[in-house]
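Peer 1: For reference, the file coords07.pdb (PDB, C-alpha atoms) is included below:
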```
ATOM      1  CA  MET D   1       8.591  34.516 -34.176
ATOM      2  CA  ASN D   2       9.437  32.358 -31.174
ATOM      3  CA  ILE D   3       6.263  33.485 -29.425
ATOM      4  CA  TYR D   4       4.110  32.497 -32.403
ATOM      5  CA  LYS D   5       5.888  29.154 -32.588
ATOM      6  CA  LYS D   6       5.151  28.467 -28.913
ATOM      7  CA  LEU D   7       1.507  29.400 -29.394
ATOM      8  CA  LEU D   8       1.211  27.068 -32.358
ATOM      9  CA  ILE D   9       2.818  24.226 -30.428
ATOM     10  CA  SER D  10       0.484  24.816 -27.444
ATOM     11  CA  ALA D  11      -2.561  24.925 -29.692
ATOM     12  CA  PHE D  12      -1.463  21.762 -31.485
ATOM     13  CA  SER D  13      -0.994  19.989 -28.136
ATOM     14  CA  VAL D  14      -4.502  20.971 -27.017
ATOM     15  CA  ILE D  15      -5.965  19.698 -30.299
ATOM     16  CA  ILE D  16      -4.100  16.385 -30.000
ATOM     17  CA  MET D  17      -5.176  16.004 -26.347
ATOM     18  CA  GLY D  18      -8.760  16.808 -27.257
ATOM     19  CA  CYS D  19      -8.734  14.274 -30.093
ATOM     20  CA  SER D  20      -7.380  11.591 -27.816
ATOM     21  CA  GLY D  21     -10.281  12.308 -25.427
ATOM     22  CA  GLY D  22      -8.071  12.731 -22.400
ATOM     23  CA  LYS D  23      -6.791  15.342 -19.990
ATOM     24  CA  TYR D  24      -3.357  14.813 -18.484
ATOM     25  CA  HIS D  25      -1.322  16.142 -15.578
ATOM     26  CA  LYS D  26       2.462  15.906 -15.317
ATOM     27  CA  VAL D  27       3.399  15.292 -11.681
ATOM     28  CA  LYS D  28       5.496  18.081 -10.181
ATOM     29  CA  LYS D  29       7.535  18.081  -6.981
ATOM     30  CA  GLY D  30       5.169  18.308  -4.015
ATOM     31  CA  ASP D  31       2.159  16.959  -5.908
ATOM     32  CA  THR D  32       0.016  14.262  -4.325
ATOM     33  CA  LEU D  33      -2.901  12.366  -5.821
ATOM     34  CA  TYR D  34      -5.155  14.203  -3.400
ATOM     35  CA  SER D  35      -3.934  17.686  -4.419
ATOM     36  CA  ILE D  36      -4.187  16.750  -8.109
ATOM     37  CA  ALA D  37      -7.699  15.365  -7.600
ATOM     38  CA  VAL D  38      -8.881  18.513  -5.804
ATOM     39  CA  LYS D  39      -7.378  20.783  -8.467
ATOM     40  CA  ASN D  40      -9.091  18.858 -11.256
ATOM     41  CA  LYS D  41     -12.359  18.213  -9.382
ATOM     42  CA  VAL D  42     -12.110  14.428  -9.588
ATOM     43  CA  SER D  43     -11.637  11.707  -6.974
ATOM     44  CA  VAL D  44      -8.371   9.990  -6.101
ATOM     45  CA  THR D  45      -9.980   6.655  -6.984
ATOM     46  CA  ASP D  46     -10.835   7.965 -10.480
ATOM     47  CA  ILE D  47      -7.207   8.919 -11.125
ATOM     48  CA  MET D  48      -5.954   5.582  -9.783
ATOM     49  CA  SER D  49      -8.430   3.668 -11.955
ATOM     50  CA  LEU D  50      -7.596   5.647 -15.103
ATOM     51  CA  ASN D  51      -3.868   5.087 -14.609
ATOM     52  CA  ASN D  52      -3.936   1.512 -13.272
ATOM     53  CA  LEU D  53      -2.316   2.536  -9.985
ATOM     54  CA  ASN D  54      -2.236   0.033  -7.120
ATOM     55  CA  THR D  55      -1.136   2.612  -4.528
ATOM     56  CA  PRO D  56      -1.502   6.411  -4.218
ATOM     57  CA  HIS D  57       2.264   6.928  -4.326
ATOM     58  CA  ILE D  58       3.411   8.804  -7.435
ATOM     59  CA  ASN D  59       6.763   9.965  -8.806
ATOM     60  CA  THR D  60       7.736  13.393 -10.086
ATOM     61  CA  GLY D  61       7.569  13.514 -13.873
ATOM     62  CA  THR D  62       4.846  10.886 -14.206
ATOM     63  CA  LYS D  63       2.137  11.750 -16.743
ATOM     64  CA  LEU D  64      -1.300  10.998 -15.290
ATOM     65  CA  LEU D  65      -4.540  10.701 -17.197
ATOM     66  CA  ILE D  66      -7.062  12.865 -15.300
ATOM     67  CA  LYS D  67     -10.142  12.602 -17.516
ATOM     68  CA  GLY D  68     -10.902  10.369 -20.449
ATOM     69  CA  GLU D  69     -10.957   6.686 -21.262
ATOM     70  CA  ALA D  70      -8.357   4.424 -19.725
ATOM     71  CA  GLU D  71      -6.881   1.701 -21.901
ATOM     72  CA  ASN D  72      -7.425  -0.845 -19.134
ATOM     73  CA  PRO D  73      -9.916   0.534 -16.598
ATOM     74  CA  LYS D  74      -9.229  -0.736 -13.106
ATOM     75  CA  VAL D  75     -11.319  -0.727  -9.940
ATOM     76  CA  ARG D  76     -10.101   0.115  -6.429
ATOM     77  CA  PRO D  77      -7.461  -2.421  -5.288
ATOM     78  CA  SER D  78      -8.625  -5.023  -2.780
ATOM     79  CA  TYR D  79      -6.161  -4.011  -0.059
ATOM     80  CA  HIS D  80      -3.382  -1.604   0.970
ATOM     81  CA  VAL D  81      -0.276  -2.461   3.010
ATOM     82  CA  ILE D  82       0.417   0.222   5.615
ATOM     83  CA  LYS D  83       3.642   2.218   5.323
ATOM     84  CA  PRO D  84       5.227   4.511   7.958
ATOM     85  CA  GLY D  85       3.200   7.644   8.626
ATOM     86  CA  GLU D  86      -0.025   6.417   7.016
ATOM     87  CA  THR D  87      -3.383   6.638   8.790
ATOM     88  CA  LEU D  88      -6.917   5.383   8.168
ATOM     89  CA  TYR D  89      -7.974   8.952   7.382
ATOM     90  CA  ARG D  90      -5.285   9.248   4.710
ATOM     91  CA  LEU D  91      -6.390   5.935   3.195
ATOM     92  CA  SER D  92     -10.008   7.084   3.194
ATOM     93  CA  VAL D  93      -9.031  10.153   1.134
ATOM     94  CA  TRP D  94      -6.802   8.198  -1.238
ATOM     95  CA  TYR D  95      -9.322   5.465  -1.978
ATOM     96  CA  ASP D  96     -12.583   7.410  -1.619
ATOM     97  CA  VAL D  97     -13.887   5.214   1.208
ATOM     98  CA  SER D  98     -14.943   6.330   4.681
ATOM     99  CA  VAL D  99     -12.936   5.608   7.835
ATOM    100  CA  GLU D 100     -15.985   3.853   9.262
ATOM    101  CA  GLU D 101     -16.116   1.516   6.256
ATOM    102  CA  LEU D 102     -12.407   0.739   6.596
ATOM    103  CA  ARG D 103     -12.884  -0.115  10.259
ATOM    104  CA  THR D 104     -15.826  -2.377   9.377
ATOM    105  CA  TYR D 105     -14.010  -4.137   6.533
ATOM    106  CA  ASN D 106     -11.012  -4.844   8.792
ATOM    107  CA  ASN D 107     -12.833  -5.541  12.070
ATOM    108  CA  LEU D 108     -11.065  -2.634  13.819
ATOM    109  CA  SER D 109     -12.369  -1.332  17.133
ATOM    110  CA  ASP D 110     -10.586   2.024  16.649
ATOM    111  CA  ASN D 111      -8.335   3.871  14.172
ATOM    112  CA  ARG D 112      -5.036   2.307  15.289
ATOM    113  CA  ILE D 113      -3.033   0.571  12.554
ATOM    114  CA  TYR D 114       0.577  -0.580  12.274
ATOM    115  CA  VAL D 115       3.277  -0.664   9.604
ATOM    116  CA  GLY D 116       2.996  -3.782   7.440
ATOM    117  CA  GLN D 117      -0.677  -4.333   8.256
ATOM    118  CA  LYS D 118      -2.922  -5.279   5.331
ATOM    119  CA  ILE D 119      -6.000  -3.033   5.248
ATOM    120  CA  TYR D 120      -8.875  -4.250   3.074
ATOM    121  CA  LEU D 121     -10.566  -1.553   0.994
ATOM    122  CA  ASN D 122     -13.688  -3.433  -0.022
ATOM    123  CA  SER D 123     -16.147  -5.608   1.892
ATOM    124  CA  LYS D 124     -15.877  -8.213  -0.874
ATOM    125  CA  TYR D 125     -12.302  -8.993   0.164
ATOM    126  CA  SER D 126     -12.442  -8.287   3.905
ATOM    127  CA  LYS D 127     -12.995 -11.924   4.876
ATOM    128  CA  GLU D 128     -10.384 -13.413   2.557
ATOM    129  CA  LYS D 129      -7.818 -15.788   4.034
ATOM    130  CA  ASP D 130      -4.520 -14.446   2.756
ATOM    131  CA  HIS D 131      -1.965 -17.266   2.913
ATOM    132  CA  HIS D 132       0.728 -15.133   1.294
ATOM    133  CA  SER D 133       0.871 -12.364   3.868
ATOM    134  CA  ASN D 134       3.620 -11.954   6.451
ATOM    135  CA  SER D 135       2.799 -14.843   8.770
ATOM    136  CA  SER D 136       5.290 -13.720  11.419
ATOM    137  CA  THR D 137       3.579 -10.337  11.706
ATOM    138  CA  LYS D 138       0.180 -12.005  11.945
ATOM    139  CA  ASN D 139       1.412 -14.384  14.632
ATOM    140  CA  LEU D 140       2.949 -11.528  16.599
ATOM    141  CA  TYR D 141      -0.249  -9.555  16.381
ATOM    142  CA  ILE D 142      -2.351 -12.327  17.936
ATOM    143  CA  SER D 143       0.292 -13.352  20.463
ATOM    144  CA  PRO D 144      -1.225 -13.584  23.987
ATOM    145  CA  THR D 145       1.976 -12.011  25.364
ATOM    146  CA  LEU D 146       1.717  -8.918  23.148
ATOM    147  CA  LYS D 147      -2.010  -8.638  23.755
ATOM    148  CA  SER D 148      -1.210  -8.310  27.469
ATOM    149  CA  PHE D 149       1.331  -5.494  26.984
ATOM    150  CA  LYS D 150       0.436  -2.081  28.404
ATOM    151  CA  TRP D 151       1.650   1.228  26.986
ATOM    152  CA  PRO D 152       4.885   2.368  28.766
ATOM    153  CA  ILE D 153       3.837   5.990  29.408
ATOM    154  CA  LYS D 154       0.475   7.670  29.886
ATOM    155  CA  THR D 155       0.571   9.625  26.645
ATOM    156  CA  LYS D 156       0.082   7.752  23.352
ATOM    157  CA  GLU D 157       1.202  10.563  21.059
ATOM    158  CA  ILE D 158       3.769   9.208  18.589
ATOM    159  CA  THR D 159       6.272  11.709  17.183
ATOM    160  CA  SER D 160       8.189   9.233  14.992
ATOM    161  CA  ASN D 161       6.767   5.972  13.659
ATOM    162  CA  PHE D 162       8.246   2.501  13.314
ATOM    163  CA  GLY D 163       9.971   1.821   9.981
ATOM    164  CA  THR D 164      12.213   3.667   7.552
ATOM    165  CA  ARG D 165      12.753   7.367   8.230
ATOM    166  CA  ILE D 166      15.206  10.234   7.789
ATOM    167  CA  HIS D 167      17.162  10.465  11.045
ATOM    168  CA  PRO D 168      16.547  13.900  12.618
ATOM    169  CA  ILE D 169      20.215  14.311  13.595
ATOM    170  CA  THR D 170      22.295  12.456  10.989
ATOM    171  CA  GLY D 171      19.956  13.297   8.102
ATOM    172  CA  ARG D 172      20.403   9.771   6.759
ATOM    173  CA  LYS D 173      17.710   7.296   5.744
ATOM    174  CA  THR D 174      17.660   4.673   8.481
ATOM    175  CA  SER D 175      15.476   1.955   9.951
ATOM    176  CA  HIS D 176      13.644   3.184  13.054
ATOM    177  CA  GLU D 177      13.250   0.008  15.103
ATOM    178  CA  GLY D 178      10.735   1.435  17.556
ATOM    179  CA  VAL D 179       8.503   4.452  18.084
ATOM    180  CA  ASP D 180       9.240   7.823  19.686
ATOM    181  CA  LEU D 181       6.662   8.929  22.241
ATOM    182  CA  LYS D 182       6.103  12.551  23.174
ATOM    183  CA  SER D 183       6.831  13.269  26.835
ATOM    184  CA  LYS D 184       8.167  15.874  29.216
ATOM    185  CA  MET D 185      11.445  15.415  31.097
ATOM    186  CA  ASN D 186      11.235  12.843  33.920
ATOM    187  CA  THR D 187       7.895  11.378  32.860
ATOM    188  CA  PRO D 188       7.445   7.959  34.568
ATOM    189  CA  VAL D 189       8.085   4.919  32.368
ATOM    190  CA  TYR D 190       6.146   1.758  33.256
ATOM    191  CA  ALA D 191       6.984  -1.872  32.490
ATOM    192  CA  PRO D 192       4.325  -2.985  29.968
ATOM    193  CA  TYR D 193       4.667  -6.606  31.076
ATOM    194  CA  SER D 194       6.452  -8.564  33.787
ATOM    195  CA  GLY D 195      10.024  -9.700  33.181
ATOM    196  CA  VAL D 196      13.680  -9.456  34.141
ATOM    197  CA  VAL D 197      15.979  -6.493  33.475
ATOM    198  CA  THR D 198      18.820  -7.675  31.223
ATOM    199  CA  TYR D 199      20.491  -4.285  30.828
ATOM    200  CA  SER D 200      20.361  -0.930  32.594
ATOM    201  CA  GLY D 201      23.073   1.485  31.523
ATOM    202  CA  TRP D 202      24.443   3.555  28.668
ATOM    203  CA  MET D 203      24.346   2.416  25.042
ATOM    204  CA  ARG D 204      25.680   4.216  21.997
ATOM    205  CA  GLY D 205      22.952   6.204  20.248
ATOM    206  CA  TYR D 206      20.337   5.152  22.786
ATOM    207  CA  GLY D 207      21.877   7.053  25.683
ATOM    208  CA  LYS D 208      20.565   5.777  29.010
ATOM    209  CA  ILE D 209      18.557   2.634  28.296
ATOM    210  CA  VAL D 210      16.691  -0.160  30.085
ATOM    211  CA  ILE D 211      16.119  -3.544  28.443
ATOM    212  CA  ILE D 212      13.631  -6.074  29.827
ATOM    213  CA  SER D 213      13.248  -9.737  28.845
ATOM    214  CA  HIS D 214       9.627 -10.916  29.032
ATOM    215  CA  GLY D 215      10.140 -14.561  28.104
ATOM    216  CA  ASN D 216       9.059 -16.445  24.966
ATOM    217  CA  GLY D 217      11.623 -14.463  22.965
ATOM    218  CA  TYR D 218      10.093 -11.054  23.759
ATOM    219  CA  GLU D 219      12.176  -8.067  24.816
ATOM    220  CA  SER D 220      11.366  -4.367  25.310
ATOM    221  CA  ARG D 221      13.686  -1.347  25.235
ATOM    222  CA  TYR D 222      13.336   2.169  26.694
ATOM    223  CA  ALA D 223      15.899   4.716  25.529
ATOM    224  CA  HIS D 224      17.064   8.356  25.873
ATOM    225  CA  LEU D 225      16.220   8.138  29.578
ATOM    226  CA  ASN D 226      17.174  10.640  32.240
ATOM    227  CA  ARG D 227      17.120   8.171  35.151
ATOM    228  CA  TRP D 228      17.249   4.411  35.635
ATOM    229  CA  LEU D 229      15.118   3.034  38.484
ATOM    230  CA  VAL D 230      15.958  -0.658  38.032
ATOM    231  CA  LYS D 231      19.146  -2.727  37.874
ATOM    232  CA  LYS D 232      20.345  -5.638  35.760
ATOM    233  CA  GLY D 233      18.941  -8.931  37.039
ATOM    234  CA  GLN D 234      16.022  -7.277  38.832
ATOM    235  CA  LYS D 235      12.558  -8.747  38.371
ATOM    236  CA  VAL D 236       9.875  -6.235  37.437
ATOM    237  CA  SER D 237       6.115  -6.501  37.448
ATOM    238  CA  LYS D 238       3.630  -5.171  34.928
ATOM    239  CA  GLY D 239       2.930  -1.484  35.605
ATOM    240  CA  GLN D 240       6.046  -0.948  37.752
ATOM    241  CA  ILE D 241       7.920   2.339  37.234
ATOM    242  CA  ILE D 242      11.297   1.428  35.744
ATOM    243  CA  ALA D 243      12.716   4.784  34.583
ATOM    244  CA  LYS D 244      12.150   8.481  33.893
ATOM    245  CA  THR D 245      12.181   9.921  30.370
ATOM    246  CA  GLY D 246      14.997  12.198  29.269
ATOM    247  CA  ASN D 247      17.130  13.499  26.414
ATOM    248  CA  THR D 248      20.308  11.369  26.431
ATOM    249  CA  GLY D 249      22.097   9.844  23.446
ATOM    250  CA  LEU D 250      21.200  10.882  19.879
ATOM    251  CA  SER D 251      18.103  12.866  20.768
ATOM    252  CA  THR D 252      16.613  16.208  19.747
ATOM    253  CA  GLY D 253      14.542  16.687  22.908
ATOM    254  CA  PRO D 254      12.839  14.898  25.821
ATOM    255  CA  HIS D 255      10.920  11.814  24.667
ATOM    256  CA  LEU D 256      10.802   8.039  25.048
ATOM    257  CA  HIS D 257      12.132   5.708  22.382
ATOM    258  CA  TYR D 258      10.212   2.437  22.821
ATOM    259  CA  GLU D 259      11.044  -0.876  21.153
ATOM    260  CA  ILE D 260       9.631  -4.394  21.220
ATOM    261  CA  ARG D 261      11.596  -7.317  19.810
ATOM    262  CA  LYS D 262      10.734 -10.941  19.147
ATOM    263  CA  ASN D 263      13.843 -13.138  18.960
ATOM    264  CA  ASN D 264      15.789  -9.873  18.465
ATOM    265  CA  LYS D 265      13.653  -8.909  15.442
ATOM    266  CA  PRO D 266      11.979  -5.455  15.831
ATOM    267  CA  VAL D 267       8.191  -5.420  16.044
ATOM    268  CA  ASP D 268       5.990  -2.350  15.595
ATOM    269  CA  PRO D 269       4.976  -1.435  19.171
ATOM    270  CA  THR D 270       1.710   0.166  18.027
ATOM    271  CA  ILE D 271       0.120  -3.278  17.708
ATOM    272  CA  THR D 272      -0.066  -3.290  21.524
ATOM    273  CA  MET D 273      -1.867   0.062  21.804
TER     274      MET D 273
END
```
Any chance you could put this one into C-alpha cells?
Peer 2:
Amino acid sequence: MNIYKKLLISAFSVIIMGCSGGKYHKVKKGDTLYSIAVKNKVSVTDIMSLNNLNTPHINTGTKLLIKGEAENPKVRPSYHVIKPGETLYRLSVWYDVSVEELRTYNNLSDNRIYVGQKIYLNSKYSKEKDHHSNSSTKNLYISPTLKSFKWPIKTKEITSNFGTRIHPITGRKTSHEGVDLKSKMNTPVYAPYSGVVTYSGWMRGYGKIVIISHGNGYESRYAHLNRWLVKKGQKVSKGQIIAKTGNTGLSTGPHLHYEIRKNNKPVDPTITM
C-alpha cells in the first residue's frame, strides 16, 4: 500500500510540474551550477536567468528552475566581484562567456585577477565609471609604488589565496592576510622594492619573518622563513636577497607567506604580479 501511495505521489508531482511548464532541481551537497547545468544539458547563464541569480553561488536545499518560464526573466549581470579562489576560467564557465571576452571587457593583458576586483561580464558595461566601488582598492591598484613591486620569489604558483579561508592547521575560518607561494626549502627571497628592514626575527604564527617598510605607508612581510639575511635598520634595494624560504611557525611545509600592507591594512599581493 505504501509503495502504491509513493507512486501516486510521484506521478502527481510530475503532472503538477508538467502543468506548471517547469523542470526543477533541488540543490544537494556538492552541487554546483556548472554540474547541474551539465547534467540537465543547459547553460549556467540559463539557470541564473531563470532563477534571478546575481552570482553562481548556491545553497544546499535551494529549489532551482532548470527549464520553463521564469516569473521575472533576467539577463547576465553586468559584473562579478572576485572572491578567494576564483579565476577567469571559472567565471567564463559560470557566465557562458569566453576568457578572451572577459579580458577584452576588462582591459586585462593576462588572466591575473585579485580578490575584490570588479570583473565586467558584458562589453556594454565595461567602460562604466563605477563611483560606488572600493576606492581604496582602486587607488592601491594604480599606485606607482605597487606597480613597481617585483615578485619576491621566482615561482608565481599560489597555494593559498588572499582572503577568508579555513586554516590548514587550526581548521578555523580565518582571514588570510597574504598569499602562500609554493617553494622548496631555502629558496631565495628577493625584496620586491627598496626600503628599510623594520623587523627581522621570530613572530608568533609567522615563525621567522622579515618586515620591510617601503615608504608612503607601504610594508611587505615574508614569513615561515628558514634563514634571515638582513637585520633591523638595514637598507635594502629592489631585487636584493633578504631571506631563504622555510617551514617555521604555523606551517604545513616549505613555502613563503607574502604580505603587502598599506597603512597596516592588508592588500592582495597578486595585484603586483
Peer 1: If the PyMOL selection byres ((chain D and resi 192-195) around 7) were run on this exact file, what residues would it hold? Put them as a list in words.
Peer 2: Phe149, Lys150, Trp151, Pro152, Tyr190, Ala191, Val196, Val197, Ile212, Ser213, His214, Lys235, Val236, Ser237, Lys238 and Gly239 of chain D
Peer 1: Using all atoms listed in the file for the distances, tell me which of D:Thr245, D:Ser183, D:Asn111, D:Gln240 is nearest to His224 in chain D.
Peer 2: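 Nearest candidate to His224 in chain D out of D:Thr245, D:Ser183, D:Asn111, D:Gln240: D:Thr245.
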Peer 1: Measuring between only C-alpha atoms, which one of D:Asn107, D:Thr45, D:Gln234, D:Gln117 shows the shortest distance to Trp94 in chain D?
Peer 2: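 With only C-alpha atoms as the atom set, the closest residue is D:Thr45.
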Peer 1: Would you write out, as a ChimeraX atom specification, every residue that the PyMOL selection byres ((chain D and resi 217) around 12) captures in this file?
Peer 2: /D:140,143,145-146,195,212-216,218-220,260-267
Peer 1: Using only C-alpha atoms, which of D:Ile242, D:Ser92, D:Leu121, D:Ser251 sits nearest Pro168 in chain D?
Peer 2: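 Smallest distance to Pro168 in chain D is found for D:Ser251.
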Peer 1: Box for range 227-245 of chain D: with edges along x, y and z, all listed atoms inside and 3 Å added on each side, what are the centre and edge lengths in Å to one decimal, as JSON?
Peer 2:
```
{"center_x": 11.6, "center_y": 0.5, "center_z": 34.6, "size_x": 23.4, "size_y": 24.9, "size_z": 14.5}
```
Peer 1: Nearest to Tyr79 in chain D: which of D:Ile119, D:Val93, D:Ile113, D:Ala243 is it, counting only C-alpha atoms?
Peer 2: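 Looking at the shortest contact to Tyr79 in chain D, the residue is D:Ile119.
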Peer 1: Using only C-alpha atoms, which residue out of D:Leu102, D:Leu50, D:Ala223, D:Ile209 lies closest to His80 in chain D?
Peer 2: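 Looking at the shortest contact to His80 in chain D, the residue is D:Leu102.
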Peer 1: List as a list of chain:residue names the protein and nucleic acid residues near Thr170 in chain D, meaning an atom at most 12 Å away when all atoms listed in the file are counted, but skip any in the same chain fewer than 6 places from it.
Peer 2: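 What passes the distance filter is D:Gly205, D:Leu250, D:Ser251, D:Thr252.
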Peer 1: Determine, counting only C-alpha atoms, which protein, DNA and RNA residues have an atom within 8 Å of an atom of Pro269 in chain D; residues of the same chain fewer than 2 positions away are not included. Present the result as JSON, numbers by chain.
Peer 2: {"D": [162, 178, 179, 258, 259, 260, 267, 271, 272, 273]}
Peer 1: Enter the distance from CA of Ile169 in chain D to CA of Met185 in chain D, in Å, rounded to one decimal.
Peer 2: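 Between these atoms lies a distance of 19.6 Å.
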Peer 1: I would like the residues chosen by the PyMOL selection byres ((chain D and resi 62-67) around 7) on the shown file; could you give them as a list in words?
Peer 2: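 Checked against the file, the PyMOL selection byres ((chain D and resi 62-67) around 7) matches Gly22, Lys23, Tyr24, His25, Lys26, Val27, Ile47, Leu50, Asn51, Asn59, Thr60, Gly61 and Gly68 of chain D.
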Peer 1: Of the candidates D:Leu33, D:Val189, D:Leu256, D:Leu108, which shows the shortest atom-to-atom distance to Tyr95 in chain D, using all atoms listed in the file?
Peer 2: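 Nearest candidate to Tyr95 in chain D out of D:Leu33, D:Val189, D:Leu256, D:Leu108: D:Leu33.
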Peer 1: Give as number ranges by chain each residue that has an atom at most 12 Å from (-0.7, -0.8, 5.0) in the file, counting all atoms listed in the file.
Peer 2: D: 55-56, 78-88, 90-91, 102, 106, 112-121, 133
Peer 1: For CA of Thr248 in chain D and CA of Leu225 in chain D, quote the distance in Å rounded to one decimal.
Peer 2: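 Those two atoms sit 6.1 Å apart.
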Peer 1: Would you mind completing range 193-204 of chain D to N, CA, C and O atoms and writing the output as a PDB file, in the frame of the given file?
Peer 2:
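Saved file result_10.pdb follows:
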```pdb
ATOM      1  N   TYR D 193       4.911  -5.188  30.787  1.00  0.00           N
ATOM      2  CA  TYR D 193       4.667  -6.606  31.076  1.00  0.00           C
ATOM      3  C   TYR D 193       5.749  -7.060  32.060  1.00  0.00           C
ATOM      4  O   TYR D 193       6.821  -6.460  32.128  1.00  0.00           O
ATOM      5  N   SER D 194       5.469  -8.082  32.812  1.00  0.00           N
ATOM      6  CA  SER D 194       6.452  -8.564  33.787  1.00  0.00           C
ATOM      7  C   SER D 194       7.669  -9.163  33.083  1.00  0.00           C
ATOM      8  O   SER D 194       7.581  -9.616  31.934  1.00  0.00           O
ATOM      9  N   GLY D 195       8.816  -9.145  33.776  1.00  0.00           N
ATOM     10  CA  GLY D 195      10.024  -9.700  33.181  1.00  0.00           C
ATOM     11  C   GLY D 195      11.244  -9.466  34.056  1.00  0.00           C
ATOM     12  O   GLY D 195      11.125  -9.143  35.238  1.00  0.00           O
ATOM     13  N   VAL D 196      12.411  -9.628  33.441  1.00  0.00           N
ATOM     14  CA  VAL D 196      13.680  -9.456  34.141  1.00  0.00           C
ATOM     15  C   VAL D 196      14.531  -8.452  33.380  1.00  0.00           C
ATOM     16  O   VAL D 196      14.654  -8.533  32.149  1.00  0.00           O
ATOM     17  N   VAL D 197      15.120  -7.504  34.096  1.00  0.00           N
ATOM     18  CA  VAL D 197      15.979  -6.493  33.475  1.00  0.00           C
ATOM     19  C   VAL D 197      17.283  -7.157  33.044  1.00  0.00           C
ATOM     20  O   VAL D 197      17.995  -7.741  33.852  1.00  0.00           O
ATOM     21  N   THR D 198      17.579  -7.083  31.743  1.00  0.00           N
ATOM     22  CA  THR D 198      18.820  -7.675  31.223  1.00  0.00           C
ATOM     23  C   THR D 198      19.902  -6.628  31.013  1.00  0.00           C
ATOM     24  O   THR D 198      21.073  -6.961  30.865  1.00  0.00           O
ATOM     25  N   TYR D 199      19.503  -5.353  30.986  1.00  0.00           N
ATOM     26  CA  TYR D 199      20.491  -4.285  30.828  1.00  0.00           C
ATOM     27  C   TYR D 199      19.911  -2.982  31.362  1.00  0.00           C
ATOM     28  O   TYR D 199      18.747  -2.653  31.122  1.00  0.00           O
ATOM     29  N   SER D 200      20.734  -2.255  32.096  1.00  0.00           N
ATOM     30  CA  SER D 200      20.361  -0.930  32.594  1.00  0.00           C
ATOM     31  C   SER D 200      21.638  -0.099  32.629  1.00  0.00           C
ATOM     32  O   SER D 200      22.461  -0.240  33.527  1.00  0.00           O
ATOM     33  N   GLY D 201      21.827   0.732  31.624  1.00  0.00           N
ATOM     34  CA  GLY D 201      23.073   1.485  31.523  1.00  0.00           C
ATOM     35  C   GLY D 201      23.071   2.380  30.303  1.00  0.00           C
ATOM     36  O   GLY D 201      22.027   2.763  29.787  1.00  0.00           O
ATOM     37  N   TRP D 202      24.265   2.666  29.824  1.00  0.00           N
ATOM     38  CA  TRP D 202      24.443   3.555  28.668  1.00  0.00           C
ATOM     39  C   TRP D 202      24.721   2.721  27.427  1.00  0.00           C
ATOM     40  O   TRP D 202      25.474   1.748  27.473  1.00  0.00           O
ATOM     41  N   MET D 203      24.110   3.110  26.292  1.00  0.00           N
ATOM     42  CA  MET D 203      24.346   2.416  25.042  1.00  0.00           C
ATOM     43  C   MET D 203      24.461   3.454  23.931  1.00  0.00           C
ATOM     44  O   MET D 203      23.690   4.419  23.898  1.00  0.00           O
ATOM     45  N   ARG D 204      25.426   3.259  23.067  1.00  0.00           N
ATOM     46  CA  ARG D 204      25.680   4.216  21.997  1.00  0.00           C
ATOM     47  C   ARG D 204      24.416   4.509  21.191  1.00  0.00           C
ATOM     48  O   ARG D 204      23.722   3.600  20.751  1.00  0.00           O
TER      49      ARG D 204
END
```
